[in-house]
file data.cif (mmCIF, C-alpha atoms)
data_target
#
loop_
_atom_site.label_atom_id
_atom_site.label_comp_id
_atom_site.auth_asym_id
_atom_site.auth_seq_id
_atom_site.Cartn_x
_atom_site.Cartn_y
_atom_site.Cartn_z
CA ASP A 254 0.84 16.60 -21.05
CA LEU A 255 1.67 16.70 -17.35
CA TYR A 256 -1.26 17.15 -14.96
CA CYS A 257 -0.20 16.94 -11.31
CA ILE A 258 2.91 17.47 -9.21
CA THR A 259 3.55 16.73 -5.53
CA GLY A 260 6.39 15.89 -3.20
CA THR A 261 7.69 15.53 0.34
CA GLY A 262 10.61 17.91 -0.18
CA PRO A 263 13.01 19.34 -2.78
CA ASN A 264 14.67 15.93 -3.21
CA ASP A 265 11.50 13.85 -3.54
CA ILE A 266 9.08 15.12 -6.21
CA TYR A 267 6.54 13.19 -8.31
CA VAL A 268 4.72 14.19 -11.50
CA SER A 269 1.87 12.36 -13.25
CA GLY A 270 0.43 12.79 -16.73
CA ARG A 271 -0.78 11.32 -19.99
CA SER A 272 -0.46 7.62 -20.89
CA GLY A 273 0.26 6.56 -17.31
CA THR A 274 3.31 8.81 -17.01
CA ILE A 275 4.88 9.06 -13.55
CA LEU A 276 8.18 10.89 -13.16
CA HIS A 277 10.32 11.17 -10.01
CA TYR A 278 12.97 13.73 -9.06
CA ASN A 279 15.55 12.78 -6.42
CA GLY A 280 17.25 16.17 -6.17
CA ASN A 281 19.74 15.46 -8.94
CA GLN A 282 17.87 13.88 -11.84
CA TRP A 283 14.46 12.79 -13.09
CA SER A 284 13.51 9.19 -13.85
CA GLU A 285 10.40 7.59 -15.29
CA LEU A 286 8.54 5.03 -13.18
CA SER A 287 6.35 2.23 -14.49
CA SER A 288 2.79 2.88 -13.30
CA GLY A 289 1.30 -0.31 -14.76
CA THR A 290 -1.37 1.60 -16.70
CA TRP A 291 -1.57 3.46 -20.01
CA LYS A 292 -4.42 5.69 -18.85
CA THR A 293 -3.94 9.35 -18.06
CA LEU A 294 -3.18 9.94 -14.37
CA TYR A 295 -4.72 13.29 -13.45
CA ASP A 296 -3.85 13.28 -9.75
CA ILE A 297 -1.00 11.98 -7.63
CA PHE A 298 -0.32 12.36 -3.93
CA LEU A 299 1.97 10.88 -1.29
CA THR A 300 1.12 9.41 2.08
CA SER A 301 4.79 8.83 2.98
CA GLN A 302 8.15 8.42 1.27
CA ASN A 303 7.26 4.76 0.68
CA GLU A 304 3.64 5.08 -0.42
CA ALA A 305 1.82 7.06 -3.12
CA PHE A 306 -1.46 6.98 -5.03
CA ALA A 307 -2.30 8.13 -8.57
CA PHE A 308 -5.84 8.53 -9.97
CA ASN A 309 -7.34 8.29 -13.44
CA ARG A 310 -10.65 9.89 -12.23
CA ILE A 311 -12.78 7.12 -13.72
CA GLU A 312 -11.86 3.74 -12.28
CA THR A 313 -8.10 3.42 -12.21
CA VAL A 314 -6.20 3.89 -8.94
CA VAL A 315 -2.58 2.83 -8.78
CA ARG A 316 -0.67 2.54 -5.53
CA ARG A 317 3.06 2.52 -4.95
CA PHE A 318 4.45 0.75 -1.93
CA GLY A 319 8.22 0.76 -1.94
CA SER A 320 9.23 0.79 -5.60
CA GLU A 321 6.35 -1.14 -7.18
CA TRP A 322 3.10 0.32 -8.55
CA LYS A 323 -0.06 -1.81 -8.59
CA SER A 324 -3.71 -1.19 -9.44
CA VAL A 325 -6.07 -0.90 -6.46
CA PHE A 326 -9.75 -1.82 -6.69
CA LEU A 327 -12.10 1.04 -5.89
CA ALA A 328 -15.82 0.43 -6.38
CA SER A 329 -17.35 3.63 -7.73
CA THR A 330 -20.01 4.44 -10.28
CA GLY A 331 -18.99 8.10 -10.47
CA LEU A 332 -15.98 10.14 -11.47
CA LEU A 333 -13.20 10.40 -8.89
CA ASP A 334 -12.01 13.95 -8.40
CA GLY A 335 -10.22 15.35 -5.39
CA CYS A 336 -8.11 13.56 -2.78
CA TRP A 337 -6.79 14.41 0.67
CA ARG A 338 -5.00 12.60 3.52
CA SER A 339 -5.78 13.25 7.19
CA ASP A 340 -3.22 13.17 10.00
CA THR A 341 -4.58 9.78 11.06
CA GLY A 342 -3.61 8.33 7.68
CA LYS A 343 -7.05 8.11 6.11
CA ILE A 344 -7.17 9.06 2.45
CA PHE A 345 -10.41 10.62 1.22
CA ALA A 346 -11.48 10.48 -2.42
CA HIS A 347 -14.86 11.88 -3.43
CA SER A 348 -16.89 10.55 -6.32
CA THR A 349 -19.66 12.18 -8.32
CA ASP A 350 -21.98 9.32 -7.35
CA ASP A 351 -22.19 11.25 -4.04
CA SER A 352 -20.01 8.89 -2.05
CA ILE A 353 -16.80 9.33 -0.09
CA HIS A 354 -14.16 6.63 -0.35
CA TYR A 355 -11.38 6.35 2.17
CA TYR A 356 -8.25 4.28 2.49
CA ASN A 357 -7.40 3.17 6.02
CA GLY A 358 -3.92 1.89 5.26
CA THR A 359 -5.01 -1.58 4.17
CA TYR A 360 -8.03 -1.29 1.89
CA TRP A 361 -10.50 1.19 0.39
CA ASP A 362 -13.94 1.46 1.92
CA LEU A 363 -17.07 3.49 1.39
CA ILE A 364 -18.36 6.02 3.91
CA PRO A 365 -22.16 6.41 3.83
CA VAL A 366 -22.87 10.11 3.52
CA ASN A 367 -26.08 11.92 4.35
CA SER A 368 -25.67 14.97 2.17
CA THR A 369 -27.66 18.18 2.40
CA ALA A 370 -25.77 19.45 -0.63
CA ASP A 371 -26.97 19.25 -4.20
CA TYR A 372 -25.31 17.09 -6.84
CA LEU A 373 -21.58 17.25 -6.21
CA TYR A 374 -18.76 17.51 -8.71
CA PRO A 375 -15.79 18.05 -6.36
CA THR A 376 -12.47 19.43 -7.54
CA ASP A 377 -10.32 19.28 -4.39
CA TYR A 378 -10.09 18.49 -0.65
CA TRP A 379 -8.39 20.04 2.34
CA GLY A 380 -8.95 19.56 6.05
CA THR A 381 -7.49 19.38 9.54
CA SER A 382 -8.99 16.08 10.73
CA ASP A 383 -11.25 13.20 9.72
CA THR A 384 -14.24 15.26 10.86
CA ASN A 385 -13.22 18.65 9.47
CA VAL A 386 -12.80 18.35 5.73
CA TYR A 387 -13.53 21.04 3.14
CA ILE A 388 -14.56 20.02 -0.36
CA ALA A 389 -14.16 22.40 -3.30
CA GLU A 390 -16.76 22.46 -6.03
CA TYR A 391 -16.93 24.86 -8.94
CA GLY A 392 -19.74 26.93 -7.43
CA LYS A 393 -19.52 26.12 -3.73
CA ILE A 394 -17.37 25.09 -0.78
CA HIS A 395 -18.73 22.11 1.16
CA HIS A 396 -17.84 20.83 4.62
CA TYR A 397 -17.70 17.21 5.81
CA ASN A 398 -18.07 16.73 9.60
CA GLY A 399 -17.51 12.99 9.65
CA SER A 400 -21.08 12.00 8.80
CA GLU A 401 -22.63 14.70 6.63
CA ILE A 402 -21.73 17.02 3.79
CA SER A 403 -23.22 20.51 3.93
CA VAL A 404 -22.70 23.73 1.99
CA ALA A 405 -20.20 25.90 3.89
CA PHE A 406 -20.02 28.87 1.53
CA THR A 407 -21.32 29.98 -1.86
CA PRO A 408 -19.08 32.67 -3.36
CA GLU A 409 -20.61 35.32 -5.58
CA ASN A 410 -17.79 35.83 -8.07
CA THR A 411 -15.44 32.85 -7.69
CA SER A 412 -15.73 29.32 -9.05
CA ILE A 413 -13.63 27.08 -6.79
CA ARG A 414 -11.07 24.68 -8.27
CA ASP A 415 -8.44 24.17 -5.56
CA LEU A 416 -7.91 24.34 -1.78
CA TRP A 417 -4.90 24.74 0.46
CA GLY A 418 -4.44 25.61 4.12
CA SER A 419 -1.84 25.85 6.85
CA SER A 420 -4.27 25.49 9.77
CA ALA A 421 -7.97 25.48 10.67
CA THR A 422 -7.87 29.30 10.67
CA ASP A 423 -5.88 29.79 7.47
CA ILE A 424 -7.45 28.19 4.38
CA TYR A 425 -7.37 29.43 0.78
CA ALA A 426 -9.72 28.55 -2.08
CA ALA A 427 -8.85 29.60 -5.62
CA GLY A 428 -10.52 29.36 -8.99
CA PRO A 429 -11.78 31.34 -11.98
CA GLY A 430 -12.78 34.75 -10.70
CA GLY A 431 -10.55 35.08 -7.67
CA CYS A 432 -9.29 33.73 -4.36
CA LEU A 433 -11.08 33.24 -1.03
CA HIS A 434 -9.66 33.03 2.49
CA TRP A 435 -11.05 31.38 5.64
CA ASP A 436 -9.89 32.89 8.95
CA GLY A 437 -11.66 30.42 11.22
CA ASN A 438 -14.89 32.40 11.33
CA ASN A 439 -15.68 33.70 7.84
CA TRP A 440 -14.89 33.21 4.19
CA SER A 441 -13.85 36.44 2.46
CA GLU A 442 -12.75 37.37 -1.04
CA THR A 443 -9.21 38.64 -1.50
CA ALA A 444 -8.39 41.49 -3.86
CA ILE A 445 -6.70 39.09 -6.26
CA GLU A 446 -8.76 38.52 -9.39
CA GLY A 447 -7.84 36.09 -12.15
CA GLU A 448 -8.64 32.81 -13.85
CA TRP A 449 -6.83 30.81 -11.17
CA ARG A 450 -6.51 27.06 -11.60
CA GLY A 451 -4.58 25.91 -8.54
CA ILE A 452 -2.95 26.86 -5.25
CA CYS A 453 -0.12 25.54 -3.10
CA GLY A 454 1.50 26.72 0.12
CA THR A 455 4.69 26.17 2.06
CA GLY A 456 3.13 25.42 5.43
CA THR A 457 4.46 28.65 6.95
CA GLY A 458 1.93 31.06 5.46
CA GLU A 459 3.37 31.61 1.98
CA VAL A 460 1.06 30.81 -0.93
CA PHE A 461 1.52 30.37 -4.69
CA ILE A 462 -1.47 30.59 -7.07
CA PHE A 463 -1.36 29.93 -10.81
CA SER A 464 -3.51 30.47 -13.87
CA HIS A 465 -2.91 29.15 -17.38
CA TYR A 466 -0.45 31.98 -17.96
CA ASP A 467 0.72 33.46 -14.66
CA VAL A 468 1.85 32.73 -11.09
CA ILE A 469 1.41 35.02 -8.08
CA TYR A 470 2.90 34.74 -4.60
CA TRP A 471 1.63 35.71 -1.11
CA ASN A 472 4.42 36.30 1.42
CA GLY A 473 2.09 36.66 4.39
CA SER A 474 1.34 40.34 3.92
CA THR A 475 1.32 41.23 0.22
CA TRP A 476 0.71 39.60 -3.16
CA ARG A 477 3.43 39.63 -5.83
CA ASP A 478 3.22 38.81 -9.53
CA LEU A 479 6.13 36.48 -10.36
CA ASN A 480 5.94 37.38 -14.08
CA TYR A 481 5.90 33.82 -15.35
CA ASP A 482 7.46 33.78 -18.84
CA GLY A 483 7.40 30.09 -19.75
CA GLN A 484 5.16 27.78 -21.74
CA PRO A 485 1.44 28.66 -21.30
CA LYS A 486 -1.39 26.32 -20.31
CA LEU A 487 -0.10 25.55 -16.81
CA LYS A 488 -1.87 22.61 -15.13
CA GLY A 489 -0.20 21.93 -11.79
CA ILE A 490 1.86 23.50 -9.01
CA TRP A 491 3.88 22.33 -6.00
CA CYS A 492 6.19 24.18 -3.63
CA SER A 493 8.22 23.47 -0.50
CA SER A 494 9.56 26.95 0.24
CA PRO A 495 9.43 30.50 -1.18
CA ASP A 496 12.47 29.71 -3.35
CA ASN A 497 11.41 26.25 -4.52
CA CYS A 498 8.23 26.18 -6.61
CA TYR A 499 7.48 24.00 -9.64
CA VAL A 500 4.73 24.43 -12.25
CA ILE A 501 3.89 21.92 -14.97
CA GLY A 502 1.89 22.06 -18.18
CA ARG A 503 1.38 21.04 -21.76
CA ASP A 504 3.84 19.21 -24.00
CA TYR A 505 5.71 17.87 -20.95
CA GLN A 506 7.02 21.32 -20.04
CA TYR A 507 7.84 22.36 -16.48
CA SER A 508 9.35 25.43 -14.81
CA HIS A 509 11.09 26.11 -11.51
CA TRP A 510 10.99 29.32 -9.42
CA ASN A 511 14.21 29.69 -7.40
CA GLY A 512 13.16 32.76 -5.44
CA SER A 513 14.41 35.31 -7.95
CA LYS A 514 13.76 33.98 -11.46
CA TRP A 515 12.10 31.24 -13.51
CA GLU A 516 14.02 28.32 -15.02
CA HIS A 517 12.31 26.41 -17.83
CA PHE A 518 12.75 22.75 -18.75
CA ASP A 519 11.46 20.12 -21.12
CA SER A 520 10.84 16.41 -20.48
CA SER A 521 10.91 13.46 -22.82
CA MET A 522 8.80 10.33 -22.43
CA ASP A 523 11.79 8.34 -21.20
CA GLY A 524 11.94 10.56 -18.14
CA GLU A 525 15.02 12.53 -19.18
CA MET A 526 14.87 16.23 -18.31
CA PHE A 527 16.96 18.80 -20.09
CA ASP A 528 17.23 22.60 -20.58
#

call {"tool": "encode", "arguments": {"input": "data.cif", "output": "structure tokens"}}
result
Amino acid sequence: DLYCITGTGPNDIYVSGRSGTILHYNGNQWSELSSGTWKTLYDIFLTSQNEAFAFNRIETVVRRFGSEWKSVFLASTGLLDGCWRSDTGKIFAHSTDDSIHYYNGTYWDLIPVNSTADYLYPTDYWGTSDTNVYIAEYGKIHHYNGSEISVAFTPENTSIRDLWGSSATDIYAAGPGGCLHWDGNNWSETAIEGEWRGICGTGTGEVFIFSHYDVIYWNGSTWRDLNYDGQPKLKGIWCSSPDNCYVIGRDYQYSHWNGSKWEHFDSSMDGEMFD
């Protein structure tokens, strides 16, 4: 299965999955990269075109610098879940042992956290600076101000799985039950209900949200059902524009939205992609 997809643009896309799978798309073809691990990589994200990180959630972190992937030591007694990079280059990774790890460009370190929140099991991060980071948890949204984690919002009907934002006054949180929006002053529930699993935006206000079986699109004023007709059990989403959105899922399936219709593809373990 494929679990996570990310990229810097339509010609630089990465996918991670089972058995240490990492695939790369250069705009013309897909290739398989050697991650150096056989463990499932549930999360992958880029800090630049020359550097990327992939996480196993338990203890395995692999880092690519240039073309080579290597394991990176990260001392944690909890499960890693949720990563985010600030504009200053710090990479935050929260662990269920109630600690925040960050990468400063050279090594991983531990940030002591005085938390007023209960036991945390984070699912995602998003923020605007090192001192303004939102942490998604299934039942709550937390906020990290640089020294302390506190509960920012407890939704009544939505269990949060994923975060995305375009600015400090435009943040979305999606999960089973619905989708929330932060306007800089208040969190509010949108009219979109569903068993949402993830969210991604273009940076200009457009938003894609997916469930196991469907994908919807926000164009800045209205929501639209994109009538996804591919393989069910979707697990990841990434987009760079309204006409360039990828979703991935089980059995190494992936689909592409070109702005007007879905295109469906299959992937083999050697990295080859074909219709």

call {"tool": "residues_around", "arguments": {"input": "data.cif", "residues": "Asn511 in chain A", "least_positions_apart": "4", "cutoff": "10 Å", "atoms": "all atoms listed in the file", "output": "VMD selection string"}}
result
chain A and resid 494 to 499 515 to 516

call {"tool": "write_last_selection", "arguments": {"input": "data.cif", "atoms": "C-alpha atoms", "output": "PDB file, keeping the file's coordinate frame"}}
result
ATOM      1  CA  SER A 494       9.560  26.950   0.240  1.00  0.00           C
ATOM      2  CA  PRO A 495       9.430  30.500  -1.180  1.00  0.00           C
ATOM      3  CA  ASP A 496      12.470  29.710  -3.350  1.00  0.00           C
ATOM      4  CA  ASN A 497      11.410  26.250  -4.520  1.00  0.00           C
ATOM      5  CA  CYS A 498       8.230  26.180  -6.610  1.00  0.00           C
ATOM      6  CA  TYR A 499       7.480  24.000  -9.640  1.00  0.00           C
ATOM      7  CA  TRP A 515      12.100  31.240 -13.510  1.00  0.00           C
ATOM      8  CA  GLU A 516      14.020  28.320 -15.020  1.00  0.00           C
TER       9      GLU A 516
END

call {"tool": "resolve_selection", "arguments": {"input": "data.cif", "expression": "the PyMOL selection byres ((chain A and resi 386) around 12)", "output": "VMD selection string"}}
result
chain A and resid 335 to 340 343 to 347 353 377 to 385 387 to 389 394 to 405 416 to 418 420 to 421 424

call {"tool": "atom_distance", "arguments": {"input": "data.cif", "atom1": "CA of Asp519 in chain A", "atom2": "CA of Arg316 in chain A"}}
result
26.4 Å

call {"tool": "residues_near_point", "arguments": {"input": "data.cif", "point": "(-8.7, 7.7, -18.7)", "cutoff": "6 Å", "atoms": "only C-alpha atoms", "output": "mmCIF file with C-alpha atoms, keeping the file's coordinate frame"}}
result
data_model
loop_
_atom_site.group_PDB
_atom_site.id
_atom_site.type_symbol
_atom_site.label_atom_id
_atom_site.label_comp_id
_atom_site.auth_asym_id
_atom_site.auth_seq_id
_atom_site.Cartn_x
_atom_site.Cartn_y
_atom_site.Cartn_z
ATOM 1 C CA LYS A 292 -4.420 5.690 -18.850
ATOM 2 C CA THR A 293 -3.940 9.350 -18.060
ATOM 3 C CA ASN A 309 -7.340 8.290 -13.440
#

call {"tool": "atom_distance", "arguments": {"input": "data.cif", "atom1": "CA of Tyr425 in chain A", "atom2": "CA of Ile490 in chain A"}}
result
14.7 Å

call {"tool": "closest_residue", "arguments": {"input": "data.cif", "among": "A:Ser301, A:Ser269, A:Ser324, A:Asn480", "to": "Leu255 in chain A", "atoms": "all atoms listed in the file"}}
result
A:Ser269

call {"tool": "resolve_selection", "arguments": {"input": "data.cif", "expression": "the PyMOL selection byres ((chain A and resi 468-470) around 9)", "output": "short mmCIF file (atom, residue, chain, number, x, y, z; two decimals) with C-alpha atoms, keeping the file's coordinate frame"}}
result
data_model
loop_
_atom_site.label_atom_id
_atom_site.label_comp_id
_atom_site.auth_asym_id
_atom_site.auth_seq_id
_atom_site.Cartn_x
_atom_site.Cartn_y
_atom_site.Cartn_z
CA TRP A 449 -6.83 30.81 -11.17
CA GLU A 459 3.37 31.61 1.98
CA VAL A 460 1.06 30.81 -0.93
CA PHE A 461 1.52 30.37 -4.69
CA ILE A 462 -1.47 30.59 -7.07
CA PHE A 463 -1.36 29.93 -10.81
CA SER A 464 -3.51 30.47 -13.87
CA HIS A 465 -2.91 29.15 -17.38
CA TYR A 466 -0.45 31.98 -17.96
CA ASP A 467 0.72 33.46 -14.66
CA TRP A 471 1.63 35.71 -1.11
CA ASN A 472 4.42 36.30 1.42
CA THR A 475 1.32 41.23 0.22
CA TRP A 476 0.71 39.60 -3.16
CA ARG A 477 3.43 39.63 -5.83
CA ASP A 478 3.22 38.81 -9.53
CA LEU A 479 6.13 36.48 -10.36
CA ASN A 480 5.94 37.38 -14.08
CA TYR A 481 5.90 33.82 -15.35
CA PRO A 495 9.43 30.50 -1.18
CA VAL A 500 4.73 24.43 -12.25
#

call {"tool": "atom_distance", "arguments": {"input": "data.cif", "atom1": "CA of Asn303 in chain A", "atom2": "CA of Gly260 in chain A"}}
result
11.8 Å

call {"tool": "resolve_selection", "arguments": {"input": "data.cif", "expression": "the PyMOL selection byres ((chain A and resi 484) around 9)", "output": "PyMOL selection string"}}
result
chain A and resi 466+481-483+485-487+502-504+506-508+517

call {"tool": "axis_aligned_box", "arguments": {"input": "data.cif", "around": "range 433-448 of chain A", "padding_each_side": "6 Å", "output": "AutoDock Vina command-line options"}}
result
--center_x -11.2 --center_y 36.0 --center_z -1.3 --size_x 21.0 --size_y 23.1 --size_z 37.2

call {"tool": "closest_residue", "arguments": {"input": "data.cif", "among": "A:Thr443, A:Gly489, A:Glu448, A:Leu276", "to": "Ser412 in chain A", "atoms": "all atoms listed in the file"}}
result
A:Glu448

call {"tool": "closest_residue", "arguments": {"input": "data.cif", "among": "A:Gln302, A:Glu442, A:Ser320, A:Tyr256", "to": "Leu286 in chain A", "atoms": "all atoms listed in the file"}}
result
A:Ser320

call {"tool": "closest_residue", "arguments": {"input": "data.cif", "among": "A:Ser493, A:Thr290, A:Thr411, A:Ser419", "to": "Ile445 in chain A", "atoms": "only C-alpha atoms"}}
result
A:Thr411

call {"tool": "closest_residue", "arguments": {"input": "data.cif", "among": "A:Ser272, A:Gly473, A:Cys492, A:Thr341", "to": "Tyr355 in chain A", "atoms": "all atoms listed in the file"}}
result
A:Thr341
